[in-house]
file coords39.cif (mmCIF, C-alpha atoms)
data_run
#
loop_
_atom_site.group_PDB
_atom_site.id
_atom_site.type_symbol
_atom_site.label_atom_id
_atom_site.label_comp_id
_atom_site.auth_asym_id
_atom_site.auth_seq_id
_atom_site.Cartn_x
_atom_site.Cartn_y
_atom_site.Cartn_z
ATOM 1 C CA MET W 1 17.497 20.328 43.286
ATOM 2 C CA ARG W 2 20.853 18.529 43.223
ATOM 3 C CA ILE W 3 21.292 14.728 43.188
ATOM 4 C CA THR W 4 24.729 13.186 43.781
ATOM 5 C CA SER W 5 23.780 9.718 45.088
ATOM 6 C CA ARG W 6 21.505 6.858 44.091
ATOM 7 C CA ASN W 7 18.746 8.120 46.357
ATOM 8 C CA ALA W 8 15.045 7.257 46.201
ATOM 9 C CA ARG W 9 14.319 9.917 43.590
ATOM 10 C CA PHE W 10 17.086 8.666 41.324
ATOM 11 C CA GLN W 11 15.898 5.077 41.695
ATOM 12 C CA GLN W 12 12.374 6.164 40.770
ATOM 13 C CA TRP W 13 13.617 7.645 37.507
ATOM 14 C CA GLU W 14 15.873 4.650 36.887
ATOM 15 C CA SER W 15 12.856 2.332 37.146
ATOM 16 C CA LEU W 16 11.215 4.181 34.246
ATOM 17 C CA LEU W 17 13.800 2.681 31.880
ATOM 18 C CA SER W 18 12.782 -0.931 32.334
ATOM 19 C CA ASN W 19 9.593 -1.124 34.372
ATOM 20 C CA ARG W 20 6.411 -0.600 32.373
ATOM 21 C CA ASN W 21 4.212 -0.726 35.459
ATOM 22 C CA LYS W 22 6.257 2.024 37.096
ATOM 23 C CA ARG W 23 5.949 4.180 33.978
ATOM 24 C CA GLN W 24 2.217 3.703 33.994
ATOM 25 C CA ARG W 25 1.808 4.279 37.715
ATOM 26 C CA LEU W 26 3.990 7.393 37.750
ATOM 27 C CA GLY W 27 2.616 8.620 34.425
ATOM 28 C CA GLU W 28 6.006 9.514 32.950
ATOM 29 C CA PHE W 29 8.995 8.245 30.947
ATOM 30 C CA LEU W 30 12.549 9.314 30.125
ATOM 31 C CA VAL W 31 13.665 11.015 26.916
ATOM 32 C CA GLN W 32 17.158 11.959 25.775
ATOM 33 C CA GLY W 33 18.615 13.541 22.658
ATOM 34 C CA VAL W 34 18.353 17.032 21.195
ATOM 35 C CA ARG W 35 15.757 16.212 18.537
ATOM 36 C CA PRO W 36 13.399 14.068 20.689
ATOM 37 C CA ILE W 37 13.419 16.519 23.604
ATOM 38 C CA SER W 38 13.002 19.504 21.281
ATOM 39 C CA LEU W 39 10.028 17.838 19.570
ATOM 40 C CA ALA W 40 8.458 16.939 22.920
ATOM 41 C CA VAL W 41 8.605 20.626 23.850
ATOM 42 C CA GLU W 42 7.472 21.816 20.403
ATOM 43 C CA TYR W 43 4.412 19.557 20.411
ATOM 44 C CA GLY W 44 3.398 20.557 23.913
ATOM 45 C CA TRP W 45 4.095 17.364 25.851
ATOM 46 C CA PRO W 46 4.245 17.930 29.614
ATOM 47 C CA ILE W 47 7.883 18.106 30.763
ATOM 48 C CA HIS W 48 7.881 17.067 34.424
ATOM 49 C CA ALA W 49 11.620 17.496 34.975
ATOM 50 C CA LEU W 50 14.875 18.329 33.204
ATOM 51 C CA LEU W 51 17.922 16.491 34.550
ATOM 52 C CA TYR W 52 21.249 18.074 33.613
ATOM 53 C CA ASP W 53 24.932 17.280 34.026
ATOM 54 C CA THR W 54 26.760 19.218 36.744
ATOM 55 C CA GLY W 55 30.147 18.143 35.394
ATOM 56 C CA ARG W 56 30.217 19.975 32.075
ATOM 57 C CA ARG W 57 29.563 23.303 30.422
ATOM 58 C CA LEU W 58 26.114 22.962 28.866
ATOM 59 C CA SER W 59 25.480 23.642 25.193
ATOM 60 C CA GLY W 60 23.464 26.661 24.151
ATOM 61 C CA TRP W 61 20.510 24.394 23.414
ATOM 62 C CA ALA W 62 20.496 22.823 26.883
ATOM 63 C CA ALA W 63 21.067 26.136 28.656
ATOM 64 C CA GLU W 64 18.200 27.757 26.756
ATOM 65 C CA LEU W 65 15.895 24.814 27.475
ATOM 66 C CA LEU W 66 16.597 25.110 31.202
ATOM 67 C CA ARG W 67 16.200 28.903 31.099
ATOM 68 C CA THR W 68 12.827 28.765 29.349
ATOM 69 C CA ALA W 69 11.409 25.770 31.255
ATOM 70 C CA SER W 70 7.890 26.324 32.530
ATOM 71 C CA ALA W 71 7.108 26.785 36.216
ATOM 72 C CA ASP W 72 5.729 23.221 36.218
ATOM 73 C CA THR W 73 9.087 21.757 35.141
ATOM 74 C CA GLU W 74 11.529 20.776 37.859
ATOM 75 C CA THR W 75 15.224 21.317 37.016
ATOM 76 C CA VAL W 76 17.635 18.875 38.637
ATOM 77 C CA ALA W 77 21.439 19.081 38.712
ATOM 78 C CA MET W 78 22.778 15.520 38.629
ATOM 79 C CA ALA W 79 26.215 13.943 39.012
ATOM 80 C CA PRO W 80 27.605 12.884 35.581
ATOM 81 C CA GLU W 81 27.896 9.191 36.486
ATOM 82 C CA LEU W 82 24.253 9.094 37.581
ATOM 83 C CA LEU W 83 23.044 10.857 34.446
ATOM 84 C CA ALA W 84 25.072 8.346 32.411
ATOM 85 C CA GLU W 85 23.171 5.521 34.116
ATOM 86 C CA LEU W 86 19.849 7.084 33.185
ATOM 87 C CA GLY W 87 21.136 7.628 29.669
ATOM 88 C CA GLU W 88 22.130 3.933 29.500
ATOM 89 C CA LYS W 89 25.596 4.879 28.257
ATOM 90 C CA ASN W 90 28.838 3.290 29.395
ATOM 91 C CA GLU W 91 30.982 6.322 28.624
ATOM 92 C CA ASP W 92 29.813 9.903 28.116
ATOM 93 C CA ALA W 93 26.718 11.021 29.974
ATOM 94 C CA PRO W 94 24.050 12.885 28.022
ATOM 95 C CA GLU W 95 24.032 16.548 28.986
ATOM 96 C CA LEU W 96 20.274 16.553 29.501
ATOM 97 C CA ILE W 97 17.445 14.061 30.062
ATOM 98 C CA ALA W 98 13.760 14.975 30.133
ATOM 99 C CA VAL W 99 11.123 13.316 32.295
ATOM 100 C CA VAL W 100 7.996 13.523 30.140
ATOM 101 C CA GLY W 101 4.361 12.893 31.052
ATOM 102 C CA LEU W 102 2.390 10.066 29.442
ATOM 103 C CA PRO W 103 -0.660 11.030 27.351
ATOM 104 C CA ALA W 104 -4.000 9.250 27.626
ATOM 105 C CA ASP W 105 -4.521 6.084 25.570
ATOM 106 C CA ASP W 106 -7.512 7.587 23.784
ATOM 107 C CA LEU W 107 -8.216 6.676 20.165
ATOM 108 C CA ASP W 108 -9.821 10.090 19.680
ATOM 109 C CA ARG W 109 -6.271 11.528 19.819
ATOM 110 C CA ILE W 110 -5.900 10.170 16.270
ATOM 111 C CA PRO W 111 -7.595 12.491 13.746
ATOM 112 C CA VAL W 112 -9.693 10.732 11.104
ATOM 113 C CA ARG W 113 -10.173 12.854 7.995
ATOM 114 C CA GLU W 114 -10.903 12.103 4.353
ATOM 115 C CA ASP W 115 -7.187 11.480 3.758
ATOM 116 C CA PHE W 116 -6.761 9.324 6.874
ATOM 117 C CA LEU W 117 -3.795 6.941 7.007
ATOM 118 C CA GLY W 118 -3.152 5.030 10.211
ATOM 119 C CA VAL W 119 -1.049 2.063 11.302
ATOM 120 C CA LEU W 120 -1.925 -0.668 13.755
ATOM 121 C CA PHE W 121 0.757 -3.004 15.140
ATOM 122 C CA ASP W 122 -0.697 -6.238 16.545
ATOM 123 C CA ARG W 123 1.079 -7.623 19.652
ATOM 124 C CA PRO W 124 4.624 -6.423 18.827
ATOM 125 C CA THR W 125 7.385 -8.047 20.847
ATOM 126 C CA SER W 126 10.153 -5.585 19.964
ATOM 127 C CA PRO W 127 9.988 -2.016 21.286
ATOM 128 C CA GLY W 128 12.581 -1.098 18.657
ATOM 129 C CA ASN W 129 10.140 -2.120 15.921
ATOM 130 C CA ILE W 130 7.450 0.072 17.465
ATOM 131 C CA GLY W 131 9.750 3.085 17.358
ATOM 132 C CA SER W 132 10.911 2.307 13.825
ATOM 133 C CA ILE W 133 7.347 2.048 12.523
ATOM 134 C CA LEU W 134 6.442 5.296 14.297
ATOM 135 C CA ARG W 135 9.338 6.967 12.491
ATOM 136 C CA SER W 136 8.216 5.610 9.109
ATOM 137 C CA ALA W 137 4.573 6.473 9.767
ATOM 138 C CA ASP W 138 5.568 10.036 10.567
ATOM 139 C CA ALA W 139 7.822 10.271 7.510
ATOM 140 C CA PHE W 140 5.158 9.027 5.092
ATOM 141 C CA GLY W 141 2.227 11.110 6.273
ATOM 142 C CA ALA W 142 0.292 8.817 8.606
ATOM 143 C CA HIS W 143 -1.981 10.422 11.181
ATOM 144 C CA GLY W 144 -1.497 8.002 14.063
ATOM 145 C CA MET W 145 -0.432 4.578 15.274
ATOM 146 C CA ILE W 146 -2.169 1.992 17.422
ATOM 147 C CA VAL W 147 -0.447 -0.792 19.375
ATOM 148 C CA SER W 148 -2.837 -3.585 20.336
ATOM 149 C CA GLY W 149 -2.881 -6.537 22.668
ATOM 150 C CA HIS W 150 -0.256 -7.894 25.041
ATOM 151 C CA ALA W 151 2.703 -6.085 23.547
ATOM 152 C CA ALA W 152 5.973 -4.253 24.005
ATOM 153 C CA ASP W 153 5.481 -0.715 25.252
ATOM 154 C CA VAL W 154 5.409 2.419 23.112
ATOM 155 C CA TYR W 155 7.196 4.269 25.945
ATOM 156 C CA ASP W 156 9.965 1.730 26.465
ATOM 157 C CA ALA W 157 13.346 3.471 26.178
ATOM 158 C CA LYS W 158 14.218 1.412 23.062
ATOM 159 C CA SER W 159 11.007 2.464 21.340
ATOM 160 C CA VAL W 160 11.490 6.116 22.258
ATOM 161 C CA ARG W 161 15.050 6.080 20.880
ATOM 162 C CA ALA W 162 14.093 4.237 17.682
ATOM 163 C CA SER W 163 11.343 6.761 16.923
ATOM 164 C CA THR W 164 13.974 9.574 16.879
ATOM 165 C CA GLY W 165 11.344 12.014 18.105
ATOM 166 C CA SER W 166 8.434 10.971 15.874
ATOM 167 C CA LEU W 167 6.660 9.645 18.980
ATOM 168 C CA PHE W 168 5.993 13.287 19.909
ATOM 169 C CA ALA W 169 4.729 14.334 16.485
ATOM 170 C CA LEU W 170 2.400 11.389 15.841
ATOM 171 C CA PRO W 171 -0.330 10.151 18.219
ATOM 172 C CA ALA W 172 0.428 6.617 19.440
ATOM 173 C CA VAL W 173 -2.306 4.823 21.358
ATOM 174 C CA ARG W 174 -2.206 1.499 23.211
ATOM 175 C CA VAL W 175 -5.372 -0.645 23.269
ATOM 176 C CA PRO W 176 -6.040 -3.979 25.019
ATOM 177 C CA SER W 177 -7.594 -5.786 22.053
ATOM 178 C CA HIS W 178 -9.214 -5.541 18.636
ATOM 179 C CA ARG W 179 -12.588 -4.697 20.164
ATOM 180 C CA GLU W 180 -11.749 -1.102 21.036
ATOM 181 C CA VAL W 181 -10.508 -0.429 17.519
ATOM 182 C CA ALA W 182 -13.498 -2.162 15.904
ATOM 183 C CA ASP W 183 -15.858 0.072 17.907
ATOM 184 C CA TRP W 184 -13.837 3.173 17.035
ATOM 185 C CA ILE W 185 -13.809 2.336 13.307
ATOM 186 C CA SER W 186 -17.556 1.602 13.381
ATOM 187 C CA ALA W 187 -18.200 5.004 14.948
ATOM 188 C CA GLU W 188 -15.988 6.750 12.381
ATOM 189 C CA ARG W 189 -17.749 4.974 9.521
ATOM 190 C CA ALA W 190 -21.128 5.924 10.958
ATOM 191 C CA SER W 191 -20.015 9.563 11.023
ATOM 192 C CA GLY W 192 -19.087 9.450 7.340
ATOM 193 C CA ALA W 193 -15.426 8.337 7.240
ATOM 194 C CA PRO W 194 -15.248 5.205 5.009
ATOM 195 C CA VAL W 195 -12.101 3.766 6.607
ATOM 196 C CA VAL W 196 -10.903 0.446 5.169
ATOM 197 C CA LEU W 197 -8.819 -2.011 7.199
ATOM 198 C CA VAL W 198 -5.929 -3.414 5.164
ATOM 199 C CA GLY W 199 -3.763 -6.223 6.504
ATOM 200 C CA THR W 200 -0.339 -7.298 5.269
ATOM 201 C CA ASP W 201 -0.019 -10.976 4.372
ATOM 202 C CA GLU W 202 2.245 -12.967 2.086
ATOM 203 C CA HIS W 203 -0.913 -14.464 0.518
ATOM 204 C CA GLY W 204 -2.737 -11.148 0.175
ATOM 205 C CA ASP W 205 -5.733 -10.438 -2.037
ATOM 206 C CA CYS W 206 -3.447 -8.378 -4.256
ATOM 207 C CA GLU W 207 0.066 -6.983 -4.390
ATOM 208 C CA VAL W 208 0.629 -3.738 -2.538
ATOM 209 C CA PHE W 209 0.926 -1.540 -5.639
ATOM 210 C CA ASP W 210 -2.406 -2.835 -6.997
ATOM 211 C CA PHE W 211 -4.372 -1.615 -3.991
ATOM 212 C CA ASP W 212 -5.889 1.871 -3.826
ATOM 213 C CA PHE W 213 -4.291 3.539 -0.793
ATOM 214 C CA THR W 214 -5.736 6.954 -1.628
ATOM 215 C CA GLN W 215 -8.873 6.058 0.348
ATOM 216 C CA PRO W 216 -9.009 6.397 4.168
ATOM 217 C CA THR W 217 -6.918 3.441 5.357
ATOM 218 C CA LEU W 218 -5.882 1.722 8.570
ATOM 219 C CA LEU W 219 -2.894 -0.502 7.795
ATOM 220 C CA LEU W 220 -2.595 -3.608 10.004
ATOM 221 C CA ILE W 221 0.869 -5.029 10.748
ATOM 222 C CA GLY W 222 1.113 -8.420 12.433
ATOM 223 C CA ASN W 223 3.246 -9.747 15.273
ATOM 224 C CA GLU W 224 6.888 -10.324 14.260
ATOM 225 C CA THR W 225 6.608 -14.112 14.624
ATOM 226 C CA SER W 226 2.993 -15.103 14.067
ATOM 227 C CA GLY W 227 1.575 -12.275 11.973
ATOM 228 C CA LEU W 228 -1.942 -10.952 12.447
ATOM 229 C CA SER W 229 -4.168 -12.706 14.956
ATOM 230 C CA THR W 230 -7.340 -14.416 13.783
ATOM 231 C CA ALA W 231 -9.442 -11.605 15.231
ATOM 232 C CA TRP W 232 -7.611 -8.996 13.169
ATOM 233 C CA ARG W 233 -7.672 -11.129 10.032
ATOM 234 C CA ASP W 234 -11.449 -11.389 10.382
ATOM 235 C CA LEU W 235 -11.716 -7.604 10.643
ATOM 236 C CA CYS W 236 -9.624 -6.934 7.522
ATOM 237 C CA ASP W 237 -11.515 -5.611 4.513
ATOM 238 C CA TYR W 238 -8.529 -6.456 2.302
ATOM 239 C CA THR W 239 -5.060 -7.967 2.549
ATOM 240 C CA VAL W 240 -2.025 -6.994 0.500
ATOM 241 C CA SER W 241 1.301 -8.706 -0.150
ATOM 242 C CA ILE W 242 4.738 -7.250 -0.827
ATOM 243 C CA PRO W 243 6.345 -8.896 -3.877
ATOM 244 C CA MET W 244 9.876 -10.081 -3.137
ATOM 245 C CA THR W 245 12.736 -11.689 -5.017
ATOM 246 C CA GLY W 246 15.875 -13.375 -3.794
ATOM 247 C CA ALA W 247 16.276 -15.843 -0.955
ATOM 248 C CA ALA W 248 14.393 -13.814 1.689
ATOM 249 C CA SER W 249 11.095 -15.387 2.674
ATOM 250 C CA SER W 250 9.770 -12.436 4.659
ATOM 251 C CA LEU W 251 10.525 -8.923 5.864
ATOM 252 C CA ASN W 252 11.034 -7.574 9.350
ATOM 253 C CA ALA W 253 7.753 -6.049 10.598
ATOM 254 C CA ALA W 254 9.174 -2.525 10.580
ATOM 255 C CA ASN W 255 10.568 -2.972 7.056
ATOM 256 C CA ALA W 256 7.254 -4.348 5.785
ATOM 257 C CA ALA W 257 5.340 -1.456 7.328
ATOM 258 C CA THR W 258 7.778 1.029 5.797
ATOM 259 C CA ALA W 259 7.388 -0.498 2.332
ATOM 260 C CA VAL W 260 3.598 -0.299 2.437
ATOM 261 C CA LEU W 261 3.568 3.197 3.961
ATOM 262 C CA TYR W 262 5.888 4.380 1.194
ATOM 263 C CA GLU W 263 3.550 2.952 -1.448
ATOM 264 C CA ALA W 264 0.554 4.648 0.209
ATOM 265 C CA SER W 265 2.439 7.949 0.298
ATOM 266 C CA ARG W 266 3.541 7.570 -3.332
ATOM 267 C CA GLN W 267 -0.016 6.939 -4.519
ATOM 268 C CA ARG W 268 -1.326 9.949 -2.600
ATOM 269 C CA ILE W 269 1.389 12.245 -3.970
ATOM 270 C CA VAL W 270 0.629 11.111 -7.551
ATOM 271 C CA ALA W 271 -3.122 11.559 -7.003
ATOM 272 C CA GLY W 272 -2.522 15.051 -5.631
ATOM 273 C CA ARG W 273 -0.492 16.027 -8.699
ATOM 274 C CA ARG W 274 -3.276 14.844 -10.985
ATOM 275 C CA ILE W 275 -5.815 16.949 -9.112
ATOM 276 C CA GLY W 276 -3.469 19.936 -9.125
#
call {"tool": "encode", "arguments": {"input": "coords39.cif", "output": "structure tokens"}}
result
Amino acid sequence: MRITSRNARFQQWESLLSNRNKRQRLGEFLVQGVRPISLAVEYGWPIHALLYDTGRRLSGWAAELLRTASADTETVAMAPELLAELGEKNEDAPELIAVVGLPADDLDRIPVREDFLGVLFDRPTSPGNIGSILRSADAFGAHGMIVSGHAADVYDAKSVRASTGSLFALPAVRVPSHREVADWISAERASGAPVVLVGTDEHGDCEVFDFDFTQPTLLLIGNETSGLSTAWRDLCDYTVSIPMTGAASSLNAANAATAVLYEASRQRIVAGRRIG
């Protein structure tokens, strides 16, 4: 297929950038960049279409991706200026954009083992923060991320970009409220996984390095403005604080999550060395 005008098909893909309802209804979202697209393919995400630039000589990576695309993947030659619009760039168009299928929002996608570490983000308003926390969670050994409540979307273009591909390596599940997670945790506990729910709070029960993160843990991160909702605070088994100096009164949600995830990873590495 070749697209050289802003036809209905182009407008459908364009709507995926900013319209959450369209993404959900069509069951797909846009991805650009060598690493994110490569990880989407590596981790077996369904690639509905590959849109490529007709105005340039493609790199070896892009040419190979098009050559090895599955029979279920549509390949579309697109005018450079149109691809630039989908890439949200004012100057150079990306050479390739992937249209990727959405996975199910099923908490069972997140594996719960004896070393479980998960992150829950309560009602985030910034898609960039979602992507940044996904990236940190992936880097520090978490097994999945949950986004709860009326929130920014995991599959918003800003979130996808900020995750730098970690979205495809780490299960991310959207849930309407705390109830679904409470039921899921109850079921996991009943099956023998003693998961503890740990919230971040400036008036925590203890400082982050005094808490034992080697146990199965779901870390709860609050909304950027108002913190954790009352419902989530009531579900917490513990709360931890991050000690700070200087004039700063708080940390950005993504920075706070990264600090705690690093401490959890550090403790687990040290514990593993002791066992070894």
call {"tool": "atom_distance", "arguments": {"input": "coords39.cif", "atom1": "atom CA of W:Asp237", "atom2": "atom CA of W:Thr225"}}
result
22.4 Å
call {"tool": "closest_residue", "arguments": {"input": "coords39.cif", "among": "W:Gly222, W:Gly128, W:Gly192, W:Pro80", "to": "W:Ser148", "atoms": "all atoms listed in the file"}}
result
W:Gly222
call {"tool": "resolve_selection", "arguments": {"input": "coords39.cif", "expression": "the PyMOL selection byres ((chain W and resi 47) around 8)", "output": "list of chain:residue names"}}
result
W:Ala40, W:Val41, W:Trp45, W:Pro46, W:His48, W:Ala49, W:Leu50, W:Asp72, W:Thr73, W:Ala98, W:Val99, W:Val100, W:Gly101
call {"tool": "atom_distance", "arguments": {"input": "coords39.cif", "atom1": "atom CA of W:Ala104", "atom2": "atom CA of W:Thr258"}}
result
26.1 Å
call {"tool": "resolve_selection", "arguments": {"input": "coords39.cif", "expression": "the PyMOL selection byres ((chain W and resi 75) around 8)", "output": "ChimeraX atom specification"}}
result
/W:1,49-52,66,73-74,76-77
call {"tool": "resolve_selection", "arguments": {"input": "coords39.cif", "expression": "the PyMOL selection byres ((chain W and resi 174) around 10)", "output": "PyMOL selection string"}}
result
chain W and resi 104-107+120-121+145-151+153-154+172-173+175-177
call {"tool": "closest_residue", "arguments": {"input": "coords39.cif", "among": "W:Leu117, W:Leu39, W:Leu235, W:Ala93", "to": "W:Arg268", "atoms": "all atoms listed in the file"}}
result
W:Leu117
